[in-house]
file run.pdb (PDB, C-alpha atoms and all ligand atoms)
ATOM      1  CA  MET G 143       1.443  13.425  20.818  1.00  0.00           C
ATOM      2  CA  LYS G 144       1.362   9.647  20.487  1.00  0.00           C
ATOM      3  CA  LYS G 145       2.619   8.355  17.154  1.00  0.00           C
ATOM      4  CA  THR G 146       0.158   6.535  14.912  1.00  0.00           C
ATOM      5  CA  ARG G 147       1.132   2.912  14.418  1.00  0.00           C
ATOM      6  CA  LEU G 148       1.246   1.699  10.824  1.00  0.00           C
ATOM      7  CA  ALA G 149       1.637  -1.709   9.258  1.00  0.00           C
ATOM      8  CA  VAL G 150       2.694  -1.913   5.618  1.00  0.00           C
ATOM      9  CA  PHE G 151       1.839  -4.944   3.465  1.00  0.00           C
ATOM     10  CA  ALA G 152       4.016  -5.441   0.385  1.00  0.00           C
ATOM     11  CA  SER G 153       4.978  -8.165  -2.083  1.00  0.00           C
ATOM     12  CA  GLY G 154       7.761  -6.682  -4.174  1.00  0.00           C
ATOM     13  CA  SER G 155      10.371  -3.973  -4.374  1.00  0.00           C
ATOM     14  CA  GLY G 156       8.925  -1.828  -1.617  1.00  0.00           C
ATOM     15  CA  SER G 157       9.694   1.689  -2.813  1.00  0.00           C
ATOM     16  CA  ASN G 158       6.378   2.824  -1.328  1.00  0.00           C
ATOM     17  CA  TYR G 159       7.189   1.110   1.959  1.00  0.00           C
ATOM     18  CA  GLU G 160      10.482   2.995   1.985  1.00  0.00           C
ATOM     19  CA  ALA G 161       8.806   6.323   1.197  1.00  0.00           C
ATOM     20  CA  ILE G 162       6.491   5.799   4.173  1.00  0.00           C
ATOM     21  CA  ALA G 163       9.271   4.671   6.515  1.00  0.00           C
ATOM     22  CA  LYS G 164      11.446   7.606   5.439  1.00  0.00           C
ATOM     23  CA  ALA G 165       8.637  10.121   5.955  1.00  0.00           C
ATOM     24  CA  CYS G 166       8.102   8.682   9.443  1.00  0.00           C
ATOM     25  CA  SER G 167      11.796   8.862  10.320  1.00  0.00           C
ATOM     26  CA  GLU G 168      12.045  12.429   9.025  1.00  0.00           C
ATOM     27  CA  GLY G 169       9.009  13.513  11.016  1.00  0.00           C
ATOM     28  CA  LEU G 170       6.927  14.349   7.933  1.00  0.00           C
ATOM     29  CA  VAL G 171       4.207  12.183   9.432  1.00  0.00           C
ATOM     30  CA  ASN G 172       3.614  11.608  13.118  1.00  0.00           C
ATOM     31  CA  ALA G 173       3.686   7.835  12.722  1.00  0.00           C
ATOM     32  CA  GLU G 174       5.920   4.803  12.797  1.00  0.00           C
ATOM     33  CA  VAL G 175       5.887   1.617  10.769  1.00  0.00           C
ATOM     34  CA  VAL G 176       5.688  -1.064  13.445  1.00  0.00           C
ATOM     35  CA  LEU G 177       5.321  -4.055  11.117  1.00  0.00           C
ATOM     36  CA  LEU G 178       6.064  -4.966   7.532  1.00  0.00           C
ATOM     37  CA  VAL G 179       4.065  -7.937   6.235  1.00  0.00           C
ATOM     38  CA  CYS G 180       5.335  -9.635   3.087  1.00  0.00           C
ATOM     39  CA  ASP G 181       3.810 -12.623   1.305  1.00  0.00           C
ATOM     40  CA  LYS G 182       6.948 -13.220  -0.815  1.00  0.00           C
ATOM     41  CA  PRO G 183       9.792 -14.360   1.427  1.00  0.00           C
ATOM     42  CA  GLY G 184      12.528 -13.288  -1.057  1.00  0.00           C
ATOM     43  CA  ALA G 185      11.139  -9.840  -1.889  1.00  0.00           C
ATOM     44  CA  TYR G 186      13.454  -6.829  -1.940  1.00  0.00           C
ATOM     45  CA  VAL G 187      11.156  -4.930   0.416  1.00  0.00           C
ATOM     46  CA  LEU G 188      12.543  -7.112   3.227  1.00  0.00           C
ATOM     47  CA  GLU G 189      16.043  -5.720   2.595  1.00  0.00           C
ATOM     48  CA  ARG G 190      14.692  -2.193   2.754  1.00  0.00           C
ATOM     49  CA  ALA G 191      12.852  -2.967   5.986  1.00  0.00           C
ATOM     50  CA  LYS G 192      16.036  -4.274   7.564  1.00  0.00           C
ATOM     51  CA  ARG G 193      17.724  -0.959   6.819  1.00  0.00           C
ATOM     52  CA  TYR G 194      14.945   0.913   8.605  1.00  0.00           C
ATOM     53  CA  GLY G 195      14.819  -1.542  11.480  1.00  0.00           C
ATOM     54  CA  THR G 196      11.161  -2.379  10.850  1.00  0.00           C
ATOM     55  CA  GLU G 197       9.944  -5.670  12.247  1.00  0.00           C
ATOM     56  CA  CYS G 198       9.105  -8.025   9.365  1.00  0.00           C
ATOM     57  CA  PHE G 199       6.745 -10.924   9.008  1.00  0.00           C
ATOM     58  CA  ALA G 200       7.347 -12.826   5.762  1.00  0.00           C
ATOM     59  CA  PHE G 201       5.061 -15.731   5.063  1.00  0.00           C
ATOM     60  CA  ASN G 202       4.149 -18.099   2.268  1.00  0.00           C
ATOM     61  CA  PRO G 203       0.357 -18.153   1.866  1.00  0.00           C
ATOM     62  CA  LYS G 204       0.573 -21.694   0.446  1.00  0.00           C
ATOM     63  CA  GLU G 205       1.616 -22.927   3.853  1.00  0.00           C
ATOM     64  CA  TYR G 206      -1.783 -21.955   5.243  1.00  0.00           C
ATOM     65  CA  GLY G 207      -5.006 -23.751   4.386  1.00  0.00           C
ATOM     66  CA  SER G 208      -6.887 -20.638   3.308  1.00  0.00           C
ATOM     67  CA  ARG G 209      -6.903 -16.858   3.176  1.00  0.00           C
ATOM     68  CA  GLU G 210      -8.919 -16.881   6.400  1.00  0.00           C
ATOM     69  CA  ALA G 211      -6.209 -18.920   8.103  1.00  0.00           C
ATOM     70  CA  TYR G 212      -3.321 -16.590   7.309  1.00  0.00           C
ATOM     71  CA  GLU G 213      -5.383 -13.446   7.782  1.00  0.00           C
ATOM     72  CA  THR G 214      -6.315 -14.643  11.264  1.00  0.00           C
ATOM     73  CA  VAL G 215      -2.604 -14.866  12.067  1.00  0.00           C
ATOM     74  CA  LEU G 216      -2.010 -11.419  10.563  1.00  0.00           C
ATOM     75  CA  ALA G 217      -4.942  -9.874  12.439  1.00  0.00           C
ATOM     76  CA  THR G 218      -3.561 -11.165  15.727  1.00  0.00           C
ATOM     77  CA  MET G 219      -0.152  -9.693  14.942  1.00  0.00           C
ATOM     78  CA  LEU G 220      -1.708  -6.336  14.099  1.00  0.00           C
ATOM     79  CA  ASP G 221      -3.786  -6.351  17.276  1.00  0.00           C
ATOM     80  CA  GLU G 222      -0.801  -7.271  19.438  1.00  0.00           C
ATOM     81  CA  ARG G 223       1.183  -4.347  18.038  1.00  0.00           C
ATOM     82  CA  GLY G 224      -1.663  -1.868  18.404  1.00  0.00           C
ATOM     83  CA  VAL G 225      -1.725  -1.067  14.683  1.00  0.00           C
ATOM     84  CA  ASP G 226      -3.961   1.875  13.799  1.00  0.00           C
ATOM     85  CA  PHE G 227      -3.800   1.680   9.980  1.00  0.00           C
ATOM     86  CA  VAL G 228      -2.704  -0.858   7.387  1.00  0.00           C
ATOM     87  CA  CYS G 229      -1.114   0.537   4.212  1.00  0.00           C
ATOM     88  CA  LEU G 230      -1.032  -1.815   1.247  1.00  0.00           C
ATOM     89  CA  ALA G 231       1.955  -0.979  -0.921  1.00  0.00           C
ATOM     90  CA  GLY G 232       2.223  -3.361  -3.835  1.00  0.00           C
ATOM     91  CA  TYR G 233       0.576  -6.186  -1.863  1.00  0.00           C
ATOM     92  CA  MET G 234      -0.509  -8.515  -4.652  1.00  0.00           C
ATOM     93  CA  ARG G 235      -3.439 -10.153  -2.877  1.00  0.00           C
ATOM     94  CA  ILE G 236      -7.090  -9.484  -2.326  1.00  0.00           C
ATOM     95  CA  VAL G 237      -7.766  -8.665   1.331  1.00  0.00           C
ATOM     96  CA  GLY G 238     -10.424 -10.941   2.798  1.00  0.00           C
ATOM     97  CA  LYS G 239     -13.210 -10.705   5.315  1.00  0.00           C
ATOM     98  CA  VAL G 240     -11.111 -11.395   8.395  1.00  0.00           C
ATOM     99  CA  LEU G 241      -8.939  -8.299   7.991  1.00  0.00           C
ATOM    100  CA  LEU G 242     -11.604  -6.104   6.404  1.00  0.00           C
ATOM    101  CA  GLU G 243     -14.009  -6.634   9.285  1.00  0.00           C
ATOM    102  CA  ARG G 244     -11.388  -6.213  11.998  1.00  0.00           C
ATOM    103  CA  TYR G 245      -9.809  -3.141  10.367  1.00  0.00           C
ATOM    104  CA  GLU G 246     -12.839  -1.589   8.735  1.00  0.00           C
ATOM    105  CA  ARG G 247     -11.989   1.802   7.104  1.00  0.00           C
ATOM    106  CA  ARG G 248      -8.456   1.395   8.381  1.00  0.00           C
ATOM    107  CA  ILE G 249      -6.899  -0.367   5.373  1.00  0.00           C
ATOM    108  CA  VAL G 250      -5.742   1.745   2.434  1.00  0.00           C
ATOM    109  CA  ASN G 251      -4.028   1.026  -0.872  1.00  0.00           C
ATOM    110  CA  ILE G 252      -2.117   2.886  -3.552  1.00  0.00           C
ATOM    111  CA  HIS G 253      -2.606   2.157  -7.228  1.00  0.00           C
ATOM    112  CA  PRO G 254      -0.730   3.528 -10.260  1.00  0.00           C
ATOM    113  CA  SER G 255      -3.710   4.768 -12.274  1.00  0.00           C
ATOM    114  CA  LEU G 256      -6.566   7.200 -12.010  1.00  0.00           C
ATOM    115  CA  LEU G 257      -9.131   4.746 -10.659  1.00  0.00           C
ATOM    116  CA  PRO G 258     -11.629   3.466 -11.546  1.00  0.00           C
ATOM    117  CA  SER G 259      -9.683   3.211 -14.828  1.00  0.00           C
ATOM    118  CA  PHE G 260      -7.063   0.514 -15.229  1.00  0.00           C
ATOM    119  CA  LYS G 261      -7.442  -1.744 -12.223  1.00  0.00           C
ATOM    120  CA  GLY G 262      -5.148  -4.728 -11.843  1.00  0.00           C
ATOM    121  CA  ALA G 263      -1.472  -5.588 -11.857  1.00  0.00           C
ATOM    122  CA  HIS G 264      -0.505  -3.976 -15.182  1.00  0.00           C
ATOM    123  CA  ALA G 265      -2.150  -0.595 -14.828  1.00  0.00           C
ATOM    124  CA  ILE G 266       0.607   1.524 -16.361  1.00  0.00           C
ATOM    125  CA  GLN G 267       1.122  -0.746 -19.384  1.00  0.00           C
ATOM    126  CA  ASP G 268      -2.644  -1.074 -19.877  1.00  0.00           C
ATOM    127  CA  ALA G 269      -3.035   2.716 -19.872  1.00  0.00           C
ATOM    128  CA  VAL G 270      -0.173   3.116 -22.369  1.00  0.00           C
ATOM    129  CA  ASP G 271      -1.735   0.463 -24.627  1.00  0.00           C
ATOM    130  CA  TYR G 272      -5.010   2.371 -24.498  1.00  0.00           C
ATOM    131  CA  GLY G 273      -3.317   5.558 -25.679  1.00  0.00           C
ATOM    132  CA  VAL G 274      -3.783   7.414 -22.397  1.00  0.00           C
ATOM    133  CA  LYS G 275      -2.084  10.791 -22.056  1.00  0.00           C
ATOM    134  CA  LEU G 276      -3.220  11.731 -18.534  1.00  0.00           C
ATOM    135  CA  PHE G 277      -1.752   9.174 -16.143  1.00  0.00           C
ATOM    136  CA  GLY G 278      -1.933   9.184 -12.394  1.00  0.00           C
ATOM    137  CA  VAL G 279      -2.048   7.631  -8.991  1.00  0.00           C
ATOM    138  CA  THR G 280      -4.894   6.904  -6.579  1.00  0.00           C
ATOM    139  CA  THR G 281      -5.058   6.124  -2.884  1.00  0.00           C
ATOM    140  CA  HIS G 282      -8.241   4.481  -1.678  1.00  0.00           C
ATOM    141  CA  PHE G 283      -9.849   2.562   1.140  1.00  0.00           C
ATOM    142  CA  VAL G 284      -9.725  -1.169   0.564  1.00  0.00           C
ATOM    143  CA  ASP G 285     -12.761  -3.361   0.095  1.00  0.00           C
ATOM    144  CA  GLU G 286     -13.115  -6.969  -1.032  1.00  0.00           C
ATOM    145  CA  THR G 287     -12.787  -6.087  -4.725  1.00  0.00           C
ATOM    146  CA  LEU G 288      -9.628  -5.630  -6.787  1.00  0.00           C
ATOM    147  CA  ASP G 289      -8.513  -1.983  -6.506  1.00  0.00           C
ATOM    148  CA  GLY G 290     -12.016  -1.058  -5.336  1.00  0.00           C
ATOM    149  CA  GLY G 291     -13.125   1.071  -2.386  1.00  0.00           C
ATOM    150  CA  ARG G 292     -13.721   4.774  -1.860  1.00  0.00           C
ATOM    151  CA  ILE G 293     -11.072   7.060  -3.327  1.00  0.00           C
ATOM    152  CA  ILE G 294      -9.061   9.213  -0.919  1.00  0.00           C
ATOM    153  CA  ASP G 295      -6.531  11.120  -3.040  1.00  0.00           C
ATOM    154  CA  GLN G 296      -5.503  11.306  -6.666  1.00  0.00           C
ATOM    155  CA  ALA G 297      -2.704  13.000  -8.569  1.00  0.00           C
ATOM    156  CA  GLY G 298      -2.280  13.145 -12.320  1.00  0.00           C
ATOM    157  CA  VAL G 299       0.490  13.735 -14.799  1.00  0.00           C
ATOM    158  CA  VAL G 300       0.400  14.317 -18.534  1.00  0.00           C
ATOM    159  CA  TYR G 301       2.905  12.127 -20.379  1.00  0.00           C
ATOM    160  CA  GLU G 302       3.087  11.983 -24.133  1.00  0.00           C
ATOM    161  CA  GLY G 303       6.400  10.175 -24.541  1.00  0.00           C
ATOM    162  CA  SER G 304       6.903   6.509 -25.309  1.00  0.00           C
ATOM    163  CA  ASP G 305       9.438   5.438 -22.693  1.00  0.00           C
ATOM    164  CA  ILE G 306       7.560   3.183 -20.283  1.00  0.00           C
ATOM    165  CA  GLU G 307      10.491   3.040 -17.879  1.00  0.00           C
ATOM    166  CA  GLU G 308      10.629   6.812 -17.662  1.00  0.00           C
ATOM    167  CA  LEU G 309       6.861   6.962 -17.188  1.00  0.00           C
ATOM    168  CA  THR G 310       6.973   4.294 -14.484  1.00  0.00           C
ATOM    169  CA  ASN G 311       9.625   6.261 -12.602  1.00  0.00           C
ATOM    170  CA  ILE G 312       7.565   9.438 -12.838  1.00  0.00           C
ATOM    171  CA  ILE G 313       4.505   7.614 -11.517  1.00  0.00           C
ATOM    172  CA  HIS G 314       6.444   6.040  -8.660  1.00  0.00           C
ATOM    173  CA  GLY G 315       7.738   9.466  -7.648  1.00  0.00           C
ATOM    174  CA  ILE G 316       4.157  10.728  -7.505  1.00  0.00           C
ATOM    175  CA  GLU G 317       3.084   7.693  -5.487  1.00  0.00           C
ATOM    176  CA  HIS G 318       5.681   8.301  -2.820  1.00  0.00           C
ATOM    177  CA  LYS G 319       4.407  11.823  -2.167  1.00  0.00           C
ATOM    178  CA  LEU G 320       0.734  10.956  -2.450  1.00  0.00           C
ATOM    179  CA  TYR G 321       0.920   8.124   0.077  1.00  0.00           C
ATOM    180  CA  VAL G 322       2.449  10.447   2.656  1.00  0.00           C
ATOM    181  CA  LYS G 323      -0.308  12.992   2.028  1.00  0.00           C
ATOM    182  CA  THR G 324      -2.978  10.320   2.491  1.00  0.00           C
ATOM    183  CA  ILE G 325      -1.419   8.958   5.664  1.00  0.00           C
ATOM    184  CA  ASN G 326      -1.376  12.459   7.100  1.00  0.00           C
ATOM    185  CA  LYS G 327      -5.098  12.741   6.370  1.00  0.00           C
ATOM    186  CA  LEU G 328      -5.741   9.420   8.111  1.00  0.00           C
ATOM    187  CA  ILE G 329      -3.686  10.418  11.129  1.00  0.00           C
ATOM    188  CA  ASN G 330      -5.370  13.784  11.430  1.00  0.00           C
ATOM    189  CA  ASN G 331      -8.780  12.181  11.271  1.00  0.00           C
ATOM    190  CA  LYS G 332      -9.743  14.025   8.149  1.00  0.00           C
ATOM    191  CA  LEU G 333     -11.487  11.062   6.559  1.00  0.00           C
ATOM    192  CA  LEU G 334     -13.507   9.127   9.105  1.00  0.00           C
TER     193      LEU G 334
HETATM  194  C1  LIG M 401       3.136   0.532  -7.023  1.00  0.00           C
HETATM  195  O1  LIG M 401       3.063   1.009  -8.328  1.00  0.00           O
HETATM  196  C2  LIG M 401       1.778   0.520  -6.368  1.00  0.00           C
HETATM  197  O2  LIG M 401       0.962   1.562  -6.787  1.00  0.00           O
HETATM  198  C3  LIG M 401       1.205  -0.791  -6.836  1.00  0.00           C
HETATM  199  O3  LIG M 401       2.307  -1.679  -6.804  1.00  0.00           O
HETATM  200  C4  LIG M 401       3.512  -0.937  -6.995  1.00  0.00           C
HETATM  201  C5  LIG M 401       4.439  -1.262  -5.866  1.00  0.00           C
HETATM  202  O4  LIG M 401       5.688  -0.664  -6.033  1.00  0.00           O
HETATM  203  N1  LIG M 401       0.084  -1.194  -6.019  1.00  0.00           N
HETATM  204  P1  LIG M 401       6.736  -0.723  -4.834  1.00  0.00           P
HETATM  205  O5  LIG M 401       6.924  -2.192  -4.468  1.00  0.00           O
HETATM  206  O6  LIG M 401       6.207   0.088  -3.700  1.00  0.00           O
HETATM  207  O7  LIG M 401       8.010  -0.150  -5.391  1.00  0.00           O
END
call {"tool": "encode", "arguments": {"input": "run.pdb", "output": "C-alpha cells", "more": "lines below"}}
Ligand code: GRF
result
Amino acid sequence: MKKTRLAVFASGSGSNYEAIAKACSEGLVNAEVVLLVCDKPGAYVLERAKRYGTECFAFNPKEYGSREAYETVLATMLDERGVDFVCLAGYMRIVGKVLLERYERRIVNIHPSLLPSFKGAHAIQDAVDYGVKLFGVTTHFVDETLDGGRIIDQAGVVYEGSDIEELTNIIHGIEHKLYVKTINKLINNKLL
C-alpha cells in the first residue's frame, strides 16, 4: 500500500518531529515525512531531520513581504512533493488562508494542554499557575485561530508534584504517542 506523505512544520527542538519520523521508520505508521519546514534557521529540529534524512526547508519569514508570500512558496513545495497531510509540531506561527484553503482538513497540530483550556505558547506553565491537577495533550485540526479547530484526540495525566521540568517531560512523552495515534487515524481515513 502506498505510503502517506507527511510534511512536518516546526520551530524549535523537534521532539515531536522525531517521534513522527521514528514511527514512520519503524513501520508504526504507513507514512513517510517527505519535508520538514522550519521558520527558525538555527533550530535544533534541523539537526534531528538531518539524522533521519528528511528534506528540510528552513526560511526566515522576515525575508518575505507577508504571510501570504511565504505560504505561497510553502504550498507549492507541498504540492510538488505530493504531501497528503501537514503536521504542525511546535510551529510557532498562525497558519494563514493560503495553506488552510489549499490543505483544508489536512493540517493538524499538537498542543500541550486539554484544549480549549490553556491555548498559547506557555500552556504548561499557565496550567501550573492555575493550580491544575489534570494535565494533558490535544491533537486538533488547524483553523485560522490560535490553537483552535476541531479536536481529534486527547490524553490526560494527573500530576500533583511541583517539578515543572518533570511535568514537561511527562507531557512530551504523551505527545509523542498521541501524535502517532492521530496520524494513524488520518491515514486510515477515520476522520474525514
Ligand atoms: C510541544 O509541546 C507541542 O505540543 C507544542 O510545542 C512543543 C514542541 O515541542 N505545540 P518539540 O519541538 O516537538 O519538542
call {"tool": "resolve_selection", "arguments": {"input": "run.pdb", "expression": "the PyMOL selection byres (((not hetatm)) within 10 of (chain M and resi 401))", "output": "MDAnalysis selection string"}}
result
chainID G and resid 151:162 185:187 230:234 251:255 261:266 278:281 289 310:311 313:318 321
call {"tool": "atom_distance", "arguments": {"input": "run.pdb", "atom1": "CA of Glu189 (chain G)", "atom2": "CA of Ile249 (chain G)"}}
result
23.7 Å
call {"tool": "closest_residue", "arguments": {"input": "run.pdb", "among": "G:Leu256, G:Ile325, G:Val237, G:Ile312", "to": "Glu286 (chain G)", "atoms": "all atoms listed in the file"}}
result
G:Val237
call {"tool": "atom_distance", "arguments": {"input": "run.pdb", "atom1": "CA of Gly303 (chain G)", "atom2": "CA of Lys323 (chain G)"}}
result
27.5 Å
call {"tool": "axis_aligned_box", "arguments": {"input": "run.pdb", "around": "region 167-179 of chain G", "padding_each_side": "5 Å", "output": "JSON"}}
result
{"center_x": 7.8, "center_y": 3.2, "center_z": 9.8, "size_x": 18.4, "size_y": 32.3, "size_z": 17.2}
call {"tool": "resolve_selection", "arguments": {"input": "run.pdb", "expression": "the PyMOL selection byres (((chain G and resi 209-219) around 10) and not hetatm)", "output": "PDB file with C-alpha atoms, keeping the file's coordinate frame"}}
result
ATOM      1  CA  ALA G 149       1.637  -1.709   9.258  1.00  0.00           C
ATOM      2  CA  LEU G 177       5.321  -4.055  11.117  1.00  0.00           C
ATOM      3  CA  VAL G 179       4.065  -7.937   6.235  1.00  0.00           C
ATOM      4  CA  PHE G 199       6.745 -10.924   9.008  1.00  0.00           C
ATOM      5  CA  PHE G 201       5.061 -15.731   5.063  1.00  0.00           C
ATOM      6  CA  ASN G 202       4.149 -18.099   2.268  1.00  0.00           C
ATOM      7  CA  PRO G 203       0.357 -18.153   1.866  1.00  0.00           C
ATOM      8  CA  LYS G 204       0.573 -21.694   0.446  1.00  0.00           C
ATOM      9  CA  GLU G 205       1.616 -22.927   3.853  1.00  0.00           C
ATOM     10  CA  TYR G 206      -1.783 -21.955   5.243  1.00  0.00           C
ATOM     11  CA  GLY G 207      -5.006 -23.751   4.386  1.00  0.00           C
ATOM     12  CA  SER G 208      -6.887 -20.638   3.308  1.00  0.00           C
ATOM     13  CA  LEU G 220      -1.708  -6.336  14.099  1.00  0.00           C
ATOM     14  CA  ASP G 221      -3.786  -6.351  17.276  1.00  0.00           C
ATOM     15  CA  GLU G 222      -0.801  -7.271  19.438  1.00  0.00           C
ATOM     16  CA  ARG G 223       1.183  -4.347  18.038  1.00  0.00           C
ATOM     17  CA  GLY G 224      -1.663  -1.868  18.404  1.00  0.00           C
ATOM     18  CA  VAL G 225      -1.725  -1.067  14.683  1.00  0.00           C
ATOM     19  CA  ARG G 235      -3.439 -10.153  -2.877  1.00  0.00           C
ATOM     20  CA  ILE G 236      -7.090  -9.484  -2.326  1.00  0.00           C
ATOM     21  CA  VAL G 237      -7.766  -8.665   1.331  1.00  0.00           C
ATOM     22  CA  GLY G 238     -10.424 -10.941   2.798  1.00  0.00           C
ATOM     23  CA  LYS G 239     -13.210 -10.705   5.315  1.00  0.00           C
ATOM     24  CA  VAL G 240     -11.111 -11.395   8.395  1.00  0.00           C
ATOM     25  CA  LEU G 241      -8.939  -8.299   7.991  1.00  0.00           C
ATOM     26  CA  LEU G 242     -11.604  -6.104   6.404  1.00  0.00           C
ATOM     27  CA  ARG G 244     -11.388  -6.213  11.998  1.00  0.00           C
ATOM     28  CA  TYR G 245      -9.809  -3.141  10.367  1.00  0.00           C
TER      29      TYR G 245
END
call {"tool": "decode", "arguments": {"input": "run.pdb", "residues": "region 275-324 of chain G", "atoms": "C-alpha atoms", "output": "PDB file, in the first residue's frame"}}
result
ATOM      1  CA  LYS G 275      -4.030  18.804  38.571  1.00  0.00           C
ATOM      2  CA  LEU G 276      -5.289  17.087  35.402  1.00  0.00           C
ATOM      3  CA  PHE G 277      -2.905  17.995  32.591  1.00  0.00           C
ATOM      4  CA  GLY G 278      -2.929  16.702  29.067  1.00  0.00           C
ATOM      5  CA  VAL G 279      -2.343  16.881  25.375  1.00  0.00           C
ATOM      6  CA  THR G 280      -4.638  17.574  22.426  1.00  0.00           C
ATOM      7  CA  THR G 281      -4.365  16.987  18.702  1.00  0.00           C
ATOM      8  CA  HIS G 282      -6.691  19.023  16.529  1.00  0.00           C
ATOM      9  CA  PHE G 283      -7.387  20.215  13.021  1.00  0.00           C
ATOM     10  CA  VAL G 284      -5.951  23.648  12.381  1.00  0.00           C
ATOM     11  CA  ASP G 285      -8.009  26.718  11.618  1.00  0.00           C
ATOM     12  CA  GLU G 286      -7.083  30.396  11.452  1.00  0.00           C
ATOM     13  CA  THR G 287      -7.241  30.841  15.234  1.00  0.00           C
ATOM     14  CA  LEU G 288      -4.543  30.157  17.821  1.00  0.00           C
ATOM     15  CA  ASP G 289      -4.806  26.502  18.913  1.00  0.00           C
ATOM     16  CA  GLY G 290      -8.358  26.406  17.545  1.00  0.00           C
ATOM     17  CA  GLY G 291     -10.042  23.842  15.296  1.00  0.00           C
ATOM     18  CA  ARG G 292     -11.912  20.604  15.897  1.00  0.00           C
ATOM     19  CA  ILE G 293     -10.324  18.270  18.432  1.00  0.00           C
ATOM     20  CA  ILE G 294      -9.131  14.872  17.206  1.00  0.00           C
ATOM     21  CA  ASP G 295      -7.543  13.143  20.211  1.00  0.00           C
ATOM     22  CA  GLN G 296      -6.795  13.947  23.821  1.00  0.00           C
ATOM     23  CA  ALA G 297      -4.872  12.240  26.598  1.00  0.00           C
ATOM     24  CA  GLY G 298      -4.677  13.318  30.213  1.00  0.00           C
ATOM     25  CA  VAL G 299      -2.406  12.794  33.168  1.00  0.00           C
ATOM     26  CA  VAL G 300      -2.846  13.651  36.824  1.00  0.00           C
ATOM     27  CA  TYR G 301       0.205  15.420  38.251  1.00  0.00           C
ATOM     28  CA  GLU G 302       0.278  16.832  41.737  1.00  0.00           C
ATOM     29  CA  GLY G 303       4.001  17.491  42.079  1.00  0.00           C
ATOM     30  CA  SER G 304       5.760  20.813  41.701  1.00  0.00           C
ATOM     31  CA  ASP G 305       8.612  19.995  39.331  1.00  0.00           C
ATOM     32  CA  ILE G 306       7.769  21.713  36.052  1.00  0.00           C
ATOM     33  CA  GLU G 307      10.647  20.031  34.243  1.00  0.00           C
ATOM     34  CA  GLU G 308       9.426  16.604  35.274  1.00  0.00           C
ATOM     35  CA  LEU G 309       5.879  17.521  34.264  1.00  0.00           C
ATOM     36  CA  THR G 310       7.051  18.853  30.903  1.00  0.00           C
ATOM     37  CA  ASN G 311       8.888  15.599  30.213  1.00  0.00           C
ATOM     38  CA  ILE G 312       5.814  13.567  31.116  1.00  0.00           C
ATOM     39  CA  ILE G 313       3.671  15.681  28.798  1.00  0.00           C
ATOM     40  CA  HIS G 314       6.158  15.409  25.945  1.00  0.00           C
ATOM     41  CA  GLY G 315       6.170  11.627  26.313  1.00  0.00           C
ATOM     42  CA  ILE G 316       2.383  11.629  25.998  1.00  0.00           C
ATOM     43  CA  GLU G 317       2.556  13.911  22.966  1.00  0.00           C
ATOM     44  CA  HIS G 318       4.863  11.584  21.098  1.00  0.00           C
ATOM     45  CA  LYS G 319       2.432   8.678  21.412  1.00  0.00           C
ATOM     46  CA  LEU G 320      -0.689  10.726  20.796  1.00  0.00           C
ATOM     47  CA  TYR G 321       0.603  12.241  17.560  1.00  0.00           C
ATOM     48  CA  VAL G 322       1.294   8.788  16.150  1.00  0.00           C
ATOM     49  CA  LYS G 323      -2.217   7.676  17.102  1.00  0.00           C
ATOM     50  CA  THR G 324      -3.726  10.714  15.375  1.00  0.00           C
TER      51      THR G 324
END
